[in-house]
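Colleague: Before I ask anything, let me first share the structure, which is written out below as structure tokens.
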Amino acid sequence: MSGFTIARQKMVDGQVRPSDVTDIRIIDAMLAVPREAFVPPLQRAMAYLDIDLDVSAGLSAKRYLIKPVVTAKRRQASEIMDTDNVLGVGCATADSAAIVAKLAAQVTATEGDASLAAKAKEVLAGLGFANVTVRAAAAAVGDAANAPYDVIMLNGATEVTPAGLYRQLKDGGRLVGVFAMMQPQRATLVTYSHGDFGTRALFDAAVPVLPGLGRLPAFIF
């Protein structure tokens, strides 16, 4: 058994399971996907730590793989089914998209940085993920051309209401993200049904804000 395989098992047993993640499909997916493959070589020793891992070396904006516990709990709250069409916004190198791909029928992952999106495509192809499509697109834009989606997952926090993404939900669809409009930040479930949106706070979770979903600077007289 490799060191990374042992680290992955310890991540699940020491971080994910004690955080009330009980969906065995999510646990199995997290045990199967090599998180280290989505991390720059010099950072692979940190791949399974309980941190938001910076993968933005050389980029103009910081990009992160969100810590495993927050990612797992958001997936569980979204109740992804094996027939679902899922949009992952701000995928970075797409580790989250890889895990969701083991739960859903089809995944579209967007990333605002074109070079990072290209890296995500390369890694996913190397691991044999045929049901994930990666597109270079700003976080607030999503992927309207292939909407509506059963589930939309924000791989980071938003300081604004992502109205453009709301409009890409199918009737009965769910959006899960960390909302940072006020403190503390909270993972939040948004549901769309019969023309109405409902929101429910899930748990406190401080994660980096996605580029393009930050609060605009206030004008000061």
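Chains: A, B, ... in order of the structure tokens. Residues: from 1 per chain. Ligands: from 1, in order shown.
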List as a list of chain:residue names the protein and nucleic acid residues near A:Gly172, meaning an atom at most 9 Å away when only C-alpha atoms are counted, but skip any in the same chain fewer than 6 places from it.
Modeller: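 Contacts, with the query itself left out: A:Asp150, A:Thr191, A:Tyr192, A:Ser193, A:His194.
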Colleague: Would you mind exporting N, CA and C atoms of the selected residues as a PDB file, in the first residue's frame?
Modeller:
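Final file, again-v9.pdb:
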ATOM      1  N   ASP A 150     -29.082  19.756 -12.374  1.00  0.00           N
ATOM      2  CA  ASP A 150     -29.711  19.231 -11.156  1.00  0.00           C
ATOM      3  C   ASP A 150     -29.017  19.772  -9.915  1.00  0.00           C
ATOM      4  N   THR A 191     -32.377  25.806  -2.909  1.00  0.00           N
ATOM      5  CA  THR A 191     -33.232  24.918  -3.700  1.00  0.00           C
ATOM      6  C   THR A 191     -34.134  25.742  -4.609  1.00  0.00           C
ATOM      7  N   TYR A 192     -34.425  25.185  -5.769  1.00  0.00           N
ATOM      8  CA  TYR A 192     -35.306  25.863  -6.726  1.00  0.00           C
ATOM      9  C   TYR A 192     -36.490  24.957  -7.019  1.00  0.00           C
ATOM     10  N   SER A 193     -37.702  25.477  -6.794  1.00  0.00           N
ATOM     11  CA  SER A 193     -38.897  24.675  -7.029  1.00  0.00           C
ATOM     12  C   SER A 193     -40.051  25.570  -7.440  1.00  0.00           C
ATOM     13  N   HIS A 194     -40.617  25.279  -8.595  1.00  0.00           N
ATOM     14  CA  HIS A 194     -41.806  25.989  -9.090  1.00  0.00           C
ATOM     15  C   HIS A 194     -41.621  27.506  -9.085  1.00  0.00           C
TER      16      HIS A 194
END
Colleague: Can you tell me, as number ranges by chain, which residues in stretch 86-184 of chain A count as alpha helix (DSSP H) by DSSP?
Modeller: A: 95-101, 114-126, 163-166
Colleague: I need the residues from that last selection saved to file as a PDB file, in the first residue's frame (with N, CA and C atoms), if you can.
Modeller:
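Contents of the output file again.pdb:
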ATOM      1  N   ASP A  95     -10.147  18.397  -8.528  1.00  0.00           N
ATOM      2  CA  ASP A  95     -10.254  17.231  -7.647  1.00  0.00           C
ATOM      3  C   ASP A  95     -11.695  16.997  -7.212  1.00  0.00           C
ATOM      4  N   SER A  96     -12.419  18.080  -6.914  1.00  0.00           N
ATOM      5  CA  SER A  96     -13.815  17.949  -6.509  1.00  0.00           C
ATOM      6  C   SER A  96     -14.668  17.387  -7.639  1.00  0.00           C
ATOM      7  N   ALA A  97     -14.404  17.849  -8.866  1.00  0.00           N
ATOM      8  CA  ALA A  97     -15.153  17.345 -10.020  1.00  0.00           C
ATOM      9  C   ALA A  97     -14.941  15.852 -10.200  1.00  0.00           C
ATOM     10  N   ALA A  98     -13.729  15.377  -9.917  1.00  0.00           N
ATOM     11  CA  ALA A  98     -13.437  13.948 -10.056  1.00  0.00           C
ATOM     12  C   ALA A  98     -14.265  13.127  -9.069  1.00  0.00           C
ATOM     13  N   ILE A  99     -14.384  13.615  -7.843  1.00  0.00           N
ATOM     14  CA  ILE A  99     -15.162  12.871  -6.853  1.00  0.00           C
ATOM     15  C   ILE A  99     -16.650  12.915  -7.197  1.00  0.00           C
ATOM     16  N   VAL A 100     -17.138  14.090  -7.607  1.00  0.00           N
ATOM     17  CA  VAL A 100     -18.546  14.199  -8.004  1.00  0.00           C
ATOM     18  C   VAL A 100     -18.836  13.298  -9.200  1.00  0.00           C
ATOM     19  N   ALA A 101     -17.867  13.138 -10.094  1.00  0.00           N
ATOM     20  CA  ALA A 101     -18.057  12.297 -11.283  1.00  0.00           C
ATOM     21  C   ALA A 101     -18.312  10.840 -10.926  1.00  0.00           C
ATOM     22  N   ALA A 114      -7.630  29.969 -17.587  1.00  0.00           N
ATOM     23  CA  ALA A 114      -7.567  29.032 -18.711  1.00  0.00           C
ATOM     24  C   ALA A 114      -6.445  28.012 -18.551  1.00  0.00           C
ATOM     25  N   SER A 115      -5.297  28.436 -18.015  1.00  0.00           N
ATOM     26  CA  SER A 115      -4.182  27.488 -17.858  1.00  0.00           C
ATOM     27  C   SER A 115      -4.497  26.436 -16.803  1.00  0.00           C
ATOM     28  N   LEU A 116      -5.208  26.838 -15.754  1.00  0.00           N
ATOM     29  CA  LEU A 116      -5.599  25.877 -14.725  1.00  0.00           C
ATOM     30  C   LEU A 116      -6.667  24.931 -15.262  1.00  0.00           C
ATOM     31  N   ALA A 117      -7.582  25.452 -16.082  1.00  0.00           N
ATOM     32  CA  ALA A 117      -8.584  24.597 -16.716  1.00  0.00           C
ATOM     33  C   ALA A 117      -7.924  23.554 -17.612  1.00  0.00           C
ATOM     34  N   ALA A 118      -6.894  23.959 -18.338  1.00  0.00           N
ATOM     35  CA  ALA A 118      -6.166  23.022 -19.195  1.00  0.00           C
ATOM     36  C   ALA A 118      -5.488  21.939 -18.366  1.00  0.00           C
ATOM     37  N   LYS A 119      -4.919  22.328 -17.213  1.00  0.00           N
ATOM     38  CA  LYS A 119      -4.299  21.356 -16.321  1.00  0.00           C
ATOM     39  C   LYS A 119      -5.330  20.372 -15.793  1.00  0.00           C
ATOM     40  N   ALA A 120      -6.505  20.884 -15.429  1.00  0.00           N
ATOM     41  CA  ALA A 120      -7.574  20.022 -14.936  1.00  0.00           C
ATOM     42  C   ALA A 120      -7.974  18.993 -15.994  1.00  0.00           C
ATOM     43  N   LYS A 121      -8.119  19.428 -17.231  1.00  0.00           N
ATOM     44  CA  LYS A 121      -8.454  18.502 -18.321  1.00  0.00           C
ATOM     45  C   LYS A 121      -7.405  17.408 -18.441  1.00  0.00           C
ATOM     46  N   GLU A 122      -6.137  17.808 -18.364  1.00  0.00           N
ATOM     47  CA  GLU A 122      -5.030  16.858 -18.514  1.00  0.00           C
ATOM     48  C   GLU A 122      -5.055  15.792 -17.413  1.00  0.00           C
ATOM     49  N   VAL A 123      -5.247  16.242 -16.176  1.00  0.00           N
ATOM     50  CA  VAL A 123      -5.237  15.294 -15.058  1.00  0.00           C
ATOM     51  C   VAL A 123      -6.435  14.353 -15.130  1.00  0.00           C
ATOM     52  N   LEU A 124      -7.620  14.898 -15.412  1.00  0.00           N
ATOM     53  CA  LEU A 124      -8.820  14.071 -15.499  1.00  0.00           C
ATOM     54  C   LEU A 124      -8.709  13.038 -16.617  1.00  0.00           C
ATOM     55  N   ALA A 125      -8.175  13.461 -17.751  1.00  0.00           N
ATOM     56  CA  ALA A 125      -8.001  12.524 -18.868  1.00  0.00           C
ATOM     57  C   ALA A 125      -7.028  11.417 -18.487  1.00  0.00           C
ATOM     58  N   GLY A 126      -5.941  11.781 -17.788  1.00  0.00           N
ATOM     59  CA  GLY A 126      -4.963  10.786 -17.378  1.00  0.00           C
ATOM     60  C   GLY A 126      -5.523   9.765 -16.409  1.00  0.00           C
ATOM     61  N   ALA A 163     -26.790  35.206  -8.720  1.00  0.00           N
ATOM     62  CA  ALA A 163     -28.083  35.112  -9.399  1.00  0.00           C
ATOM     63  C   ALA A 163     -27.982  34.430 -10.754  1.00  0.00           C
ATOM     64  N   GLY A 164     -26.884  34.678 -11.484  1.00  0.00           N
ATOM     65  CA  GLY A 164     -26.727  34.041 -12.785  1.00  0.00           C
ATOM     66  C   GLY A 164     -26.649  32.535 -12.683  1.00  0.00           C
ATOM     67  N   LEU A 165     -26.074  32.027 -11.611  1.00  0.00           N
ATOM     68  CA  LEU A 165     -26.007  30.582 -11.398  1.00  0.00           C
ATOM     69  C   LEU A 165     -27.360  30.034 -10.964  1.00  0.00           C
ATOM     70  N   TYR A 166     -28.096  30.795 -10.157  1.00  0.00           N
ATOM     71  CA  TYR A 166     -29.436  30.359  -9.756  1.00  0.00           C
ATOM     72  C   TYR A 166     -30.279  30.032 -10.988  1.00  0.00           C
TER      73      TYR A 166
END
Colleague: Would you please give, as a VMD selection string, all residues of stretch 9-200 of chain A that DSSP assigns to strand (DSSP E) based on the backbone?
Modeller: chain A and resid 53 to 54 64 to 65 85 to 89 106 to 111 132 to 136 149 to 158 169 to 179 186 to 193 196 to 200
Colleague: Which is closer to A:Arg200 than all the others in A:Gly212, A:Phe129, A:Pro41, A:Ser78, using only C-alpha atoms?
Modeller: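 Of A:Gly212, A:Phe129, A:Pro41, A:Ser78, the one nearest A:Arg200, counting only C-alpha atoms, is A:Ser78.
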Colleague: Please identify every residue of stretch 127-169 of chain A that has at least one atom no farther than 10 Å from an atom of stretch 46-70 of chain A, counting only C-alpha atoms, and for each give the shortest atom pair and the distance in Å to one decimal, arranged by chain then increasing number, as a tab-separated table.
Modeller:
residue	atom	partner	partner_atom	distance
A:Asn155	CA	A:Ile66	CA	6.8
A:Gly156	CA	A:Ile66	CA	6.9
A:Ala157	CA	A:Ile66	CA	9.9
Colleague: Since we have the selection now, will you write its residues out, keeping N, CA, C and O atoms, as a PDB file, in the first residue's frame?
Modeller:
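For reference, again.pdb as written:
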ATOM      1  N   ASN A 155     -17.038  25.752  -5.604  1.00  0.00           N
ATOM      2  CA  ASN A 155     -15.812  25.272  -4.973  1.00  0.00           C
ATOM      3  C   ASN A 155     -15.031  26.444  -4.375  1.00  0.00           C
ATOM      4  O   ASN A 155     -13.890  26.725  -4.754  1.00  0.00           O
ATOM      5  N   GLY A 156     -15.690  27.132  -3.473  1.00  0.00           N
ATOM      6  CA  GLY A 156     -15.162  28.322  -2.823  1.00  0.00           C
ATOM      7  C   GLY A 156     -16.322  29.122  -2.287  1.00  0.00           C
ATOM      8  O   GLY A 156     -17.483  28.718  -2.406  1.00  0.00           O
ATOM      9  N   ALA A 157     -16.008  30.266  -1.701  1.00  0.00           N
ATOM     10  CA  ALA A 157     -17.055  31.099  -1.110  1.00  0.00           C
ATOM     11  C   ALA A 157     -17.505  32.180  -2.088  1.00  0.00           C
ATOM     12  O   ALA A 157     -16.800  32.533  -3.029  1.00  0.00           O
TER      13      ALA A 157
END
Colleague: I want to know what sits within 12 Å of stretch 10-12 of chain A, based on only C-alpha atoms, with residues of the same chain fewer than 5 positions away left out; could you give that as an mmCIF file with all heavy atoms, in the first residue's frame?
Modeller:
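Result file follows (around.cif):
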data_model
loop_
_atom_site.group_PDB
_atom_site.id
_atom_site.type_symbol
_atom_site.label_atom_id
_atom_site.label_comp_id
_atom_site.auth_asym_id
_atom_site.auth_seq_id
_atom_site.Cartn_x
_atom_site.Cartn_y
_atom_site.Cartn_z
ATOM 1 N N GLY A 3 2.185 5.257 0.285
ATOM 2 C CA GLY A 3 2.020 6.271 1.309
ATOM 3 C C GLY A 3 0.812 7.144 1.078
ATOM 4 O O GLY A 3 0.127 7.539 2.027
ATOM 5 N N PHE A 4 0.508 7.465 -0.191
ATOM 6 C CA PHE A 4 -0.657 8.287 -0.493
ATOM 7 C C PHE A 4 -1.953 7.537 -0.204
ATOM 8 O O PHE A 4 -2.934 8.128 0.261
ATOM 9 C CB PHE A 4 -0.632 8.746 -1.950
ATOM 10 C CG PHE A 4 0.370 9.837 -2.230
ATOM 11 C CD1 PHE A 4 1.320 9.686 -3.224
ATOM 12 C CD2 PHE A 4 0.371 11.009 -1.489
ATOM 13 C CE1 PHE A 4 2.242 10.686 -3.483
ATOM 14 C CE2 PHE A 4 1.289 12.024 -1.742
ATOM 15 C CZ PHE A 4 2.233 11.854 -2.735
ATOM 16 N N THR A 5 -1.972 6.235 -0.468
ATOM 17 C CA THR A 5 -3.167 5.436 -0.173
ATOM 18 C C THR A 5 -3.434 5.427 1.331
ATOM 19 O O THR A 5 -4.583 5.559 1.767
ATOM 20 C CB THR A 5 -2.993 3.998 -0.682
ATOM 21 O OG1 THR A 5 -2.733 4.023 -2.082
ATOM 22 C CG2 THR A 5 -4.249 3.173 -0.417
ATOM 23 N N ARG A 17 -15.168 11.027 8.211
ATOM 24 C CA ARG A 17 -16.160 10.257 8.983
ATOM 25 C C ARG A 17 -16.542 10.940 10.303
ATOM 26 O O ARG A 17 -17.740 10.989 10.636
ATOM 27 C CB ARG A 17 -15.631 8.847 9.265
ATOM 28 C CG ARG A 17 -15.556 7.932 8.051
ATOM 29 C CD ARG A 17 -15.066 6.556 8.467
ATOM 30 N NE ARG A 17 -14.783 5.669 7.356
ATOM 31 C CZ ARG A 17 -15.680 4.864 6.777
ATOM 32 N NH1 ARG A 17 -16.928 4.863 7.221
ATOM 33 N NH2 ARG A 17 -15.330 4.086 5.774
ATOM 34 N N PRO A 18 -15.595 11.496 11.081
ATOM 35 C CA PRO A 18 -15.987 12.146 12.339
ATOM 36 C C PRO A 18 -16.794 13.425 12.149
ATOM 37 O O PRO A 18 -17.301 13.985 13.132
ATOM 38 C CB PRO A 18 -14.628 12.459 13.006
ATOM 39 C CG PRO A 18 -13.654 11.525 12.375
ATOM 40 C CD PRO A 18 -14.118 11.398 10.961
ATOM 41 N N SER A 19 -16.922 13.906 10.913
ATOM 42 C CA SER A 19 -17.661 15.141 10.638
ATOM 43 C C SER A 19 -19.071 14.861 10.133
ATOM 44 O O SER A 19 -19.651 15.657 9.394
ATOM 45 C CB SER A 19 -16.889 15.984 9.617
ATOM 46 O OG SER A 19 -15.620 16.326 10.122
ATOM 47 N N ASP A 20 -19.607 13.708 10.517
ATOM 48 C CA ASP A 20 -20.992 13.324 10.193
ATOM 49 C C ASP A 20 -21.226 13.115 8.701
ATOM 50 O O ASP A 20 -22.347 13.305 8.212
ATOM 51 C CB ASP A 20 -21.998 14.356 10.737
ATOM 52 C CG ASP A 20 -21.996 14.422 12.254
ATOM 53 O OD1 ASP A 20 -21.822 13.355 12.883
ATOM 54 O OD2 ASP A 20 -22.151 15.516 12.808
ATOM 55 N N VAL A 21 -20.192 12.740 7.969
ATOM 56 C CA VAL A 21 -20.375 12.335 6.573
ATOM 57 C C VAL A 21 -20.635 10.840 6.587
ATOM 58 O O VAL A 21 -19.732 10.034 6.858
ATOM 59 C CB VAL A 21 -19.145 12.683 5.717
ATOM 60 C CG1 VAL A 21 -19.342 12.189 4.280
ATOM 61 C CG2 VAL A 21 -18.904 14.179 5.730
ATOM 62 N N THR A 22 -21.872 10.455 6.319
ATOM 63 C CA THR A 22 -22.283 9.056 6.447
ATOM 64 C C THR A 22 -22.642 8.413 5.107
ATOM 65 O O THR A 22 -22.880 7.206 5.066
ATOM 66 C CB THR A 22 -23.498 8.943 7.386
ATOM 67 O OG1 THR A 22 -24.558 9.775 6.878
ATOM 68 C CG2 THR A 22 -23.139 9.399 8.796
ATOM 69 N N ILE A 24 -22.060 6.509 2.149
ATOM 70 C CA ILE A 24 -20.967 5.601 1.801
ATOM 71 C C ILE A 24 -20.464 5.836 0.385
ATOM 72 O O ILE A 24 -19.299 5.600 0.078
ATOM 73 C CB ILE A 24 -21.400 4.124 1.992
ATOM 74 C CG1 ILE A 24 -20.184 3.201 1.951
ATOM 75 C CG2 ILE A 24 -22.444 3.733 0.979
ATOM 76 C CD1 ILE A 24 -19.206 3.424 3.068
ATOM 77 N N ILE A 26 -19.990 8.764 -1.002
ATOM 78 C CA ILE A 26 -19.018 9.848 -0.908
ATOM 79 C C ILE A 26 -17.717 9.329 -0.304
ATOM 80 O O ILE A 26 -16.618 9.642 -0.783
ATOM 81 C CB ILE A 26 -19.585 11.011 -0.076
ATOM 82 C CG1 ILE A 26 -20.776 11.642 -0.813
ATOM 83 C CG2 ILE A 26 -18.509 12.064 0.211
ATOM 84 C CD1 ILE A 26 -21.523 12.678 -0.012
ATOM 85 N N ILE A 27 -17.835 8.536 0.733
ATOM 86 C CA ILE A 27 -16.639 7.969 1.363
ATOM 87 C C ILE A 27 -15.870 7.113 0.376
ATOM 88 O O ILE A 27 -14.642 7.217 0.244
ATOM 89 C CB ILE A 27 -17.037 7.175 2.618
ATOM 90 C CG1 ILE A 27 -17.518 8.151 3.707
ATOM 91 C CG2 ILE A 27 -15.875 6.314 3.113
ATOM 92 C CD1 ILE A 27 -18.161 7.489 4.886
ATOM 93 N N ASP A 28 -16.576 6.258 -0.373
ATOM 94 C CA ASP A 28 -15.906 5.407 -1.359
ATOM 95 C C ASP A 28 -15.236 6.241 -2.448
ATOM 96 O O ASP A 28 -14.130 5.929 -2.902
ATOM 97 C CB ASP A 28 -16.909 4.450 -1.993
ATOM 98 C CG ASP A 28 -17.326 3.322 -1.050
ATOM 99 O OD1 ASP A 28 -16.656 3.138 -0.008
ATOM 100 O OD2 ASP A 28 -18.322 2.629 -1.353
ATOM 101 N N ALA A 29 -15.913 7.311 -2.884
ATOM 102 C CA ALA A 29 -15.348 8.165 -3.930
ATOM 103 C C ALA A 29 -14.089 8.869 -3.442
ATOM 104 O O ALA A 29 -13.087 8.969 -4.173
ATOM 105 C CB ALA A 29 -16.382 9.192 -4.393
ATOM 106 N N MET A 30 -14.104 9.331 -2.195
ATOM 107 C CA MET A 30 -12.937 10.023 -1.670
ATOM 108 C C MET A 30 -11.763 9.072 -1.443
ATOM 109 O O MET A 30 -10.600 9.462 -1.527
ATOM 110 C CB MET A 30 -13.298 10.767 -0.381
ATOM 111 C CG MET A 30 -14.312 11.877 -0.615
ATOM 112 S SD MET A 30 -14.579 12.974 0.801
ATOM 113 C CE MET A 30 -13.151 14.030 0.695
ATOM 114 N N LEU A 31 -12.068 7.809 -1.186
ATOM 115 C CA LEU A 31 -11.014 6.809 -1.064
ATOM 116 C C LEU A 31 -10.441 6.416 -2.429
ATOM 117 O O LEU A 31 -9.291 5.980 -2.520
ATOM 118 C CB LEU A 31 -11.553 5.557 -0.364
ATOM 119 C CG LEU A 31 -11.797 5.670 1.142
ATOM 120 C CD1 LEU A 31 -12.535 4.441 1.652
ATOM 121 C CD2 LEU A 31 -10.485 5.852 1.889
ATOM 122 N N ALA A 32 -11.238 6.603 -3.467
ATOM 123 C CA ALA A 32 -10.826 6.158 -4.802
ATOM 124 C C ALA A 32 -10.065 7.218 -5.588
ATOM 125 O O ALA A 32 -9.240 6.879 -6.454
ATOM 126 C CB ALA A 32 -12.053 5.715 -5.597
ATOM 127 N N VAL A 33 -10.342 8.494 -5.330
ATOM 128 C CA VAL A 33 -9.736 9.568 -6.136
ATOM 129 C C VAL A 33 -8.412 10.014 -5.505
ATOM 130 O O VAL A 33 -8.387 10.433 -4.343
ATOM 131 C CB VAL A 33 -10.695 10.767 -6.259
ATOM 132 C CG1 VAL A 33 -9.999 11.937 -6.940
ATOM 133 C CG2 VAL A 33 -11.932 10.361 -7.049
ATOM 134 N N PRO A 34 -7.310 9.955 -6.253
ATOM 135 C CA PRO A 34 -5.999 10.348 -5.722
ATOM 136 C C PRO A 34 -5.843 11.868 -5.680
ATOM 137 O O PRO A 34 -5.421 12.495 -6.657
ATOM 138 C CB PRO A 34 -5.022 9.700 -6.703
ATOM 139 C CG PRO A 34 -5.767 9.664 -8.005
ATOM 140 C CD PRO A 34 -7.220 9.447 -7.641
ATOM 141 N N ARG A 35 -6.158 12.472 -4.561
ATOM 142 C CA ARG A 35 -6.092 13.934 -4.423
ATOM 143 C C ARG A 35 -4.704 14.468 -4.778
ATOM 144 O O ARG A 35 -4.577 15.573 -5.313
ATOM 145 C CB ARG A 35 -6.478 14.326 -2.991
ATOM 146 C CG ARG A 35 -6.557 15.839 -2.709
ATOM 147 C CD ARG A 35 -7.101 16.046 -1.301
ATOM 148 N NE ARG A 35 -6.922 17.387 -0.781
ATOM 149 C CZ ARG A 35 -7.812 18.384 -0.874
ATOM 150 N NH1 ARG A 35 -8.940 18.183 -1.514
ATOM 151 N NH2 ARG A 35 -7.567 19.562 -0.331
ATOM 152 N N MET A 46 1.335 17.472 1.157
ATOM 153 C CA MET A 46 0.288 18.170 1.917
ATOM 154 C C MET A 46 -1.112 17.874 1.399
ATOM 155 O O MET A 46 -2.091 18.437 1.885
ATOM 156 C CB MET A 46 0.534 19.677 1.864
ATOM 157 C CG MET A 46 1.860 20.126 2.444
ATOM 158 S SD MET A 46 2.015 21.934 2.521
ATOM 159 C CE MET A 46 2.098 22.333 0.767
ATOM 160 N N ALA A 47 -1.236 16.994 0.417
ATOM 161 C CA ALA A 47 -2.509 16.793 -0.278
ATOM 162 C C ALA A 47 -3.652 16.396 0.645
ATOM 163 O O ALA A 47 -4.808 16.738 0.387
ATOM 164 C CB ALA A 47 -2.342 15.744 -1.378
ATOM 165 N N TYR A 48 -3.368 15.671 1.722
ATOM 166 C CA TYR A 48 -4.438 15.135 2.565
ATOM 167 C C TYR A 48 -4.549 15.831 3.917
ATOM 168 O O TYR A 48 -5.251 15.353 4.804
ATOM 169 C CB TYR A 48 -4.248 13.616 2.730
ATOM 170 C CG TYR A 48 -4.414 12.904 1.410
ATOM 171 C CD1 TYR A 48 -3.312 12.520 0.670
ATOM 172 C CD2 TYR A 48 -5.674 12.679 0.875
ATOM 173 C CE1 TYR A 48 -3.458 11.901 -0.574
ATOM 174 C CE2 TYR A 48 -5.839 12.064 -0.353
ATOM 175 C CZ TYR A 48 -4.721 11.685 -1.079
ATOM 176 O OH TYR A 48 -4.891 11.087 -2.311
ATOM 177 N N LEU A 49 -3.886 16.981 4.053
ATOM 178 C CA LEU A 49 -4.020 17.757 5.278
ATOM 179 C C LEU A 49 -5.368 18.467 5.310
ATOM 180 O O LEU A 49 -5.992 18.721 4.270
ATOM 181 C CB LEU A 49 -2.890 18.774 5.381
ATOM 182 C CG LEU A 49 -1.464 18.214 5.456
ATOM 183 C CD1 LEU A 49 -0.464 19.356 5.576
ATOM 184 C CD2 LEU A 49 -1.305 17.235 6.609
ATOM 185 N N ASP A 50 -5.803 18.827 6.494
ATOM 186 C CA ASP A 50 -7.084 19.513 6.682
ATOM 187 C C ASP A 50 -6.902 21.012 6.451
ATOM 188 O O ASP A 50 -7.050 21.835 7.362
ATOM 189 C CB ASP A 50 -7.600 19.237 8.095
ATOM 190 C CG ASP A 50 -8.973 19.846 8.348
ATOM 191 O OD1 ASP A 50 -9.710 20.075 7.364
ATOM 192 O OD2 ASP A 50 -9.300 20.098 9.521
ATOM 193 N N ILE A 51 -6.571 21.375 5.205
ATOM 194 C CA ILE A 51 -6.317 22.769 4.848
ATOM 195 C C ILE A 51 -6.876 23.038 3.453
ATOM 196 O O ILE A 51 -7.113 22.110 2.679
ATOM 197 C CB ILE A 51 -4.812 23.117 4.856
ATOM 198 C CG1 ILE A 51 -4.059 22.224 3.840
ATOM 199 C CG2 ILE A 51 -4.233 22.990 6.249
ATOM 200 C CD1 ILE A 51 -2.601 22.602 3.659
ATOM 201 N N LYS A 67 -10.610 22.293 1.603
ATOM 202 C CA LYS A 67 -10.281 21.241 2.560
ATOM 203 C C LYS A 67 -11.266 20.071 2.456
ATOM 204 O O LYS A 67 -12.473 20.271 2.197
ATOM 205 C CB LYS A 67 -10.214 21.784 3.991
ATOM 206 C CG LYS A 67 -11.460 22.460 4.486
ATOM 207 C CD LYS A 67 -11.312 22.904 5.942
ATOM 208 C CE LYS A 67 -10.308 24.004 6.158
ATOM 209 N NZ LYS A 67 -10.774 25.331 5.702
ATOM 210 N N PRO A 68 -10.790 18.849 2.644
ATOM 211 C CA PRO A 68 -11.614 17.656 2.407
ATOM 212 C C PRO A 68 -12.924 17.611 3.187
ATOM 213 O O PRO A 68 -13.956 17.214 2.628
ATOM 214 C CB PRO A 68 -10.684 16.505 2.820
ATOM 215 C CG PRO A 68 -9.306 17.037 2.592
ATOM 216 C CD PRO A 68 -9.386 18.497 2.951
ATOM 217 N N VAL A 69 -12.921 18.020 4.456
ATOM 218 C CA VAL A 69 -14.139 17.918 5.254
ATOM 219 C C VAL A 69 -15.244 18.805 4.696
ATOM 220 O O VAL A 69 -16.396 18.371 4.534
ATOM 221 C CB VAL A 69 -13.855 18.284 6.732
ATOM 222 C CG1 VAL A 69 -15.159 18.502 7.493
ATOM 223 C CG2 VAL A 69 -13.052 17.182 7.398
ATOM 224 N N THR A 71 -15.556 19.955 1.693
ATOM 225 C CA THR A 71 -15.959 19.425 0.395
ATOM 226 C C THR A 71 -16.895 18.240 0.562
ATOM 227 O O THR A 71 -17.931 18.141 -0.103
ATOM 228 C CB THR A 71 -14.717 19.019 -0.422
ATOM 229 O OG1 THR A 71 -13.870 20.164 -0.571
ATOM 230 C CG2 THR A 71 -15.100 18.516 -1.791
ATOM 231 N N ALA A 72 -16.569 17.329 1.452
ATOM 232 C CA ALA A 72 -17.394 16.137 1.656
ATOM 233 C C ALA A 72 -18.771 16.492 2.205
ATOM 234 O O ALA A 72 -19.795 15.953 1.763
ATOM 235 C CB ALA A 72 -16.679 15.180 2.602
#
